[in-house]
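Colleague: What follows is a structure written as structure tokens; I'll ask about it next.
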Amino acid sequence: AIPPNKTPKHLKSVISKHYKCALEEVRLVCGGLEVSGDSMDKPLALLRFSKTTKDLKMLFVHETRYRFKLDPNHKGKHLVLSPTRLTVSIPRHSGDQTVRGDQKLTKGKLYWDVHIDRTSNGRINIGVCVEGHSLTSYVGQSKFGWAYYGNNGKREHAGGSEKYGPTYSTGDTIRVMCDMDSRTLSFSKNGLYLGIAFHNIPACVYPAITLYTTGDQVSLRRFGTF
């Protein structure tokens, strides 16, 4: 047990070491409220919404259970992955280049955040795909992919596109919400929920990202369930 005189900052450090993960991946949430800001330095006993340290720990385990990385065996040859396989970039223009996540999604309500580290024109597709998707076509270009496109904010599938949300660019964070129980795919931009983009997605999909323009780069950030 964590003594009540310890702070959330200390608890995050303990959890990070125990689960061998980066400190920034640990979130402390209790009663629907995330512990952040000045509250990180206050003793646990003084946090009115903090019930038990066990509640905090169990939610942390639940949040990070579905973490995945980018798959070096399923990426366009001109894409470059970081050593952590959480960041992908395209050093030079070579047409559409797609990378897939290394875990298939088959059940649960899962989300992951994609941070747009840099882009000159928003020609980035974020979404999911199935087996058979070409690594040299954008997600949504064929019947094997479903995506939210940054350049015009449209949702794309099977070569078609429809108005969906706002455009996105450097500094934005796109959250992908994949509900495998109801087979829907939704997105949010910087915390603003945009609604369901696709219904009746397949029972088994992979996270997927397409880059097109020289110098563009995105990173996977937070993972969890909803």
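Letters for chains follow the order of the structure tokens (A, B, ...), residue numbers begin at 1 for each chain, and ligand numbers begin at 1 in the order shown.
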Let's see if you can do this: from backbone DSSP, list all strand (DSSP E or B) residues in range 66-222 of chain A, as a PyMOL selection string.

Modeller: chain A and resi 70-75+80-81+87-89+97-101+105+109-118+124-129+145-149+154-157+160-163+173-179+184-189+192-199+205-211+217-222

Colleague: Got a sec: who's within 10 Å of range 70-85 of chain A, counting only C-alpha atoms, leaving out chain neighbours fewer than 5 positions off, as an MDAnalysis selection string?

Modeller: chainID A and resid 90:103 133:137 207:212 217 219:220

Colleague: Given the selection you just returned, output its residues as a file containing N, CA and C atoms, formatted as a compact mmCIF listing (two decimals), in the first residue's frame.

Modeller:
```
# COMPACT_ATOMS: atom_id res chain seq x y z
N ILE A 90 8.40 10.38 -42.84
CA ILE A 90 8.68 10.13 -44.26
C ILE A 90 9.74 11.15 -44.70
N PRO A 91 11.00 10.73 -44.79
CA PRO A 91 12.11 11.64 -45.10
C PRO A 91 12.03 12.29 -46.48
N ARG A 92 11.45 11.58 -47.44
CA ARG A 92 11.34 12.16 -48.79
C ARG A 92 10.04 11.69 -49.44
N HIS A 93 9.55 12.51 -50.35
CA HIS A 93 8.29 12.18 -51.02
C HIS A 93 8.44 10.93 -51.89
N SER A 94 7.54 10.02 -51.73
CA SER A 94 7.59 8.78 -52.52
C SER A 94 6.19 8.21 -52.70
N GLY A 95 5.18 9.10 -52.74
CA GLY A 95 3.82 8.63 -52.85
C GLY A 95 3.28 8.22 -51.50
N ASP A 96 2.07 7.69 -51.47
CA ASP A 96 1.45 7.26 -50.22
C ASP A 96 2.22 6.09 -49.60
N GLN A 97 2.47 6.21 -48.31
CA GLN A 97 3.20 5.18 -47.58
C GLN A 97 2.42 4.90 -46.29
N THR A 98 2.03 3.64 -46.10
CA THR A 98 1.19 3.27 -44.96
C THR A 98 1.94 2.35 -44.01
N VAL A 99 1.68 2.53 -42.72
CA VAL A 99 2.21 1.63 -41.69
C VAL A 99 1.05 1.12 -40.84
N ARG A 100 1.17 -0.12 -40.42
CA ARG A 100 0.13 -0.79 -39.65
C ARG A 100 0.58 -0.96 -38.21
N GLY A 101 -0.37 -1.05 -37.29
CA GLY A 101 -0.06 -1.40 -35.91
C GLY A 101 0.30 -2.87 -35.81
N ASP A 102 1.03 -3.24 -34.77
CA ASP A 102 1.48 -4.63 -34.66
C ASP A 102 0.51 -5.53 -33.91
N GLN A 103 -0.69 -5.01 -33.57
CA GLN A 103 -1.69 -5.84 -32.91
C GLN A 103 -3.04 -5.70 -33.61
N HIS A 133 -4.46 -4.79 -47.16
CA HIS A 133 -4.31 -3.37 -47.50
C HIS A 133 -2.91 -3.12 -48.06
N SER A 134 -2.82 -2.42 -49.16
CA SER A 134 -1.54 -2.09 -49.78
C SER A 134 -0.78 -1.07 -48.94
N LEU A 135 0.52 -1.26 -48.81
CA LEU A 135 1.35 -0.33 -48.06
C LEU A 135 1.75 0.88 -48.90
N THR A 136 1.38 0.88 -50.18
CA THR A 136 1.67 2.02 -51.05
C THR A 136 0.39 2.70 -51.53
N SER A 137 -0.67 2.55 -50.77
CA SER A 137 -1.91 3.30 -51.02
C SER A 137 -2.36 3.86 -49.68
N PRO A 207 -4.75 -0.89 -36.44
CA PRO A 207 -4.52 0.55 -36.53
C PRO A 207 -3.65 0.83 -37.75
N ALA A 208 -3.87 1.96 -38.42
CA ALA A 208 -3.09 2.26 -39.62
C ALA A 208 -2.95 3.77 -39.83
N ILE A 209 -1.82 4.16 -40.39
CA ILE A 209 -1.52 5.57 -40.66
C ILE A 209 -0.85 5.68 -42.03
N THR A 210 -1.23 6.69 -42.80
CA THR A 210 -0.58 6.96 -44.08
C THR A 210 0.05 8.35 -44.06
N LEU A 211 1.32 8.42 -44.49
CA LEU A 211 2.01 9.69 -44.70
C LEU A 211 2.29 9.85 -46.18
N TYR A 212 2.37 11.10 -46.63
CA TYR A 212 2.58 11.36 -48.05
C TYR A 212 3.68 12.39 -48.32
N GLN A 217 5.58 13.83 -39.95
CA GLN A 217 5.86 12.89 -38.85
C GLN A 217 4.72 12.89 -37.85
N SER A 219 3.24 10.70 -34.06
CA SER A 219 3.63 9.82 -32.96
C SER A 219 2.41 9.28 -32.23
N LEU A 220 2.49 8.03 -31.83
CA LEU A 220 1.46 7.44 -30.99
C LEU A 220 1.70 7.92 -29.58
```

Colleague: Mind checking which residues fall within 9 Å of Lys9 in chain A, counting only C-alpha atoms, ignoring those fewer than 5 positions away in the same chain, and posting them as a ChimeraX atom specification?

Modeller: /A:14,39-42

Colleague: Please, what distance in Å, to one decimal, runs between CA of Ser120 in chain A and CA of Val205 in chain A?

Modeller: 28.9 Å

Colleague: Taking into account only C-alpha atoms, which residue in the set A:Lys12, A:Arg222, A:Arg183, A:Lys143 is nearest to Ala203 in chain A?

Modeller: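 Looking only at the distances to Ala203 in chain A, the closest residue turns out to be A:Arg183.
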
Colleague: Using only C-alpha atoms, which of A:Asn152, A:Trp146, A:Val218, A:Lys17 sits nearest His199 in chain A?

Modeller: A:Trp146

Colleague: Between CA of Asp172 in chain A and CA of Gly132 in chain A, what is the spacing in Å?

Modeller: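 Interatomic distance, CA of Gly132 in chain A to CA of Asp172 in chain A: 29.6 Å.
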
Colleague: What's the 10 Å shell around range 193-198 of chain A, counting only C-alpha atoms, without same-chain residues fewer than 3 positions away, as a list in words?

Modeller: Trp146, Ala147, Tyr148, Lys154, Arg155, Glu156, His157, Glu162, Lys163, Tyr164, Gly165, Pro166, Ile174, Arg175, Met177, Cys178, Asp179, Arg183, Thr184, Leu185, Ser186, Phe187, Ser188, Lys189, Asn190 and Ile201 of chain A

Colleague: Emit the selected residues as an mmCIF file, in the first residue's frame, including N, CA and C atoms.

Modeller:
```cif
data_model
loop_
_atom_site.group_PDB
_atom_site.id
_atom_site.type_symbol
_atom_site.label_atom_id
_atom_site.label_comp_id
_atom_site.auth_asym_id
_atom_site.auth_seq_id
_atom_site.Cartn_x
_atom_site.Cartn_y
_atom_site.Cartn_z
ATOM 1 N N TRP A 146 -10.293 2.368 -43.596
ATOM 2 C CA TRP A 146 -11.245 3.387 -43.150
ATOM 3 C C TRP A 146 -10.433 4.476 -42.439
ATOM 4 N N ALA A 147 -10.586 5.747 -42.843
ATOM 5 C CA ALA A 147 -9.705 6.765 -42.283
ATOM 6 C C ALA A 147 -10.333 8.149 -42.220
ATOM 7 N N TYR A 148 -9.714 8.988 -41.407
ATOM 8 C CA TYR A 148 -10.003 10.415 -41.266
ATOM 9 C C TYR A 148 -8.813 11.141 -41.881
ATOM 10 N N LYS A 154 -12.219 14.967 -44.334
ATOM 11 C CA LYS A 154 -13.215 13.992 -44.766
ATOM 12 C C LYS A 154 -12.915 12.583 -44.246
ATOM 13 N N ARG A 155 -13.948 11.771 -44.204
ATOM 14 C CA ARG A 155 -13.781 10.354 -43.887
ATOM 15 C C ARG A 155 -13.676 9.613 -45.213
ATOM 16 N N GLU A 156 -12.787 8.650 -45.274
ATOM 17 C CA GLU A 156 -12.508 7.988 -46.544
ATOM 18 C C GLU A 156 -12.549 6.469 -46.416
ATOM 19 N N HIS A 157 -13.180 5.848 -47.425
ATOM 20 C CA HIS A 157 -13.266 4.387 -47.488
ATOM 21 C C HIS A 157 -13.576 3.973 -48.914
ATOM 22 N N GLU A 162 -16.433 11.548 -47.687
ATOM 23 C CA GLU A 162 -17.590 12.331 -47.266
ATOM 24 C C GLU A 162 -17.171 13.322 -46.195
ATOM 25 N N LYS A 163 -17.863 14.446 -46.132
ATOM 26 C CA LYS A 163 -17.581 15.445 -45.111
ATOM 27 C C LYS A 163 -17.724 14.820 -43.722
ATOM 28 N N TYR A 164 -16.766 15.104 -42.855
ATOM 29 C CA TYR A 164 -16.817 14.504 -41.522
ATOM 30 C C TYR A 164 -16.444 15.492 -40.417
ATOM 31 N N GLY A 165 -15.191 15.979 -40.437
ATOM 32 C CA GLY A 165 -14.744 16.860 -39.362
ATOM 33 C C GLY A 165 -13.831 17.953 -39.868
ATOM 34 N N PRO A 166 -13.180 18.667 -38.960
ATOM 35 C CA PRO A 166 -12.262 19.735 -39.367
ATOM 36 C C PRO A 166 -10.945 19.159 -39.889
ATOM 37 N N ILE A 174 -5.130 13.607 -32.704
ATOM 38 C CA ILE A 174 -6.315 12.896 -33.170
ATOM 39 C C ILE A 174 -6.473 11.620 -32.353
ATOM 40 N N ARG A 175 -7.617 11.479 -31.722
ATOM 41 C CA ARG A 175 -7.903 10.240 -30.983
ATOM 42 C C ARG A 175 -8.763 9.342 -31.855
ATOM 43 N N MET A 177 -11.123 6.105 -31.872
ATOM 44 C CA MET A 177 -11.934 5.305 -30.945
ATOM 45 C C MET A 177 -12.570 4.165 -31.722
ATOM 46 N N CYS A 178 -12.079 2.983 -31.463
ATOM 47 C CA CYS A 178 -12.500 1.802 -32.208
ATOM 48 C C CYS A 178 -13.327 0.903 -31.297
ATOM 49 N N ASP A 179 -14.627 0.893 -31.508
ATOM 50 C CA ASP A 179 -15.539 0.081 -30.691
ATOM 51 C C ASP A 179 -15.773 -1.237 -31.411
ATOM 52 N N ARG A 183 -18.774 -2.410 -33.492
ATOM 53 C CA ARG A 183 -18.158 -2.332 -34.827
ATOM 54 C C ARG A 183 -18.283 -0.927 -35.432
ATOM 55 N N THR A 184 -17.896 0.088 -34.639
ATOM 56 C CA THR A 184 -17.910 1.467 -35.125
ATOM 57 C C THR A 184 -16.531 2.089 -34.954
ATOM 58 N N LEU A 185 -16.260 3.111 -35.757
ATOM 59 C CA LEU A 185 -15.000 3.838 -35.689
ATOM 60 C C LEU A 185 -15.301 5.329 -35.578
ATOM 61 N N SER A 186 -14.758 5.967 -34.541
ATOM 62 C CA SER A 186 -14.987 7.391 -34.298
ATOM 63 C C SER A 186 -13.656 8.094 -34.078
ATOM 64 N N PHE A 187 -13.697 9.425 -34.119
ATOM 65 C CA PHE A 187 -12.483 10.208 -33.921
ATOM 66 C C PHE A 187 -12.790 11.444 -33.079
ATOM 67 N N SER A 188 -11.741 12.004 -32.488
ATOM 68 C CA SER A 188 -11.837 13.311 -31.865
ATOM 69 C C SER A 188 -10.601 14.099 -32.255
ATOM 70 N N LYS A 189 -10.723 15.429 -32.231
ATOM 71 C CA LYS A 189 -9.577 16.304 -32.503
ATOM 72 C C LYS A 189 -9.362 17.209 -31.297
ATOM 73 N N ASN A 190 -8.198 17.077 -30.686
ATOM 74 C CA ASN A 190 -7.855 17.894 -29.516
ATOM 75 C C ASN A 190 -8.940 17.850 -28.450
ATOM 76 N N ILE A 201 -17.672 -1.838 -39.321
ATOM 77 C CA ILE A 201 -16.316 -2.167 -39.716
ATOM 78 C C ILE A 201 -16.100 -3.666 -39.466
#
```
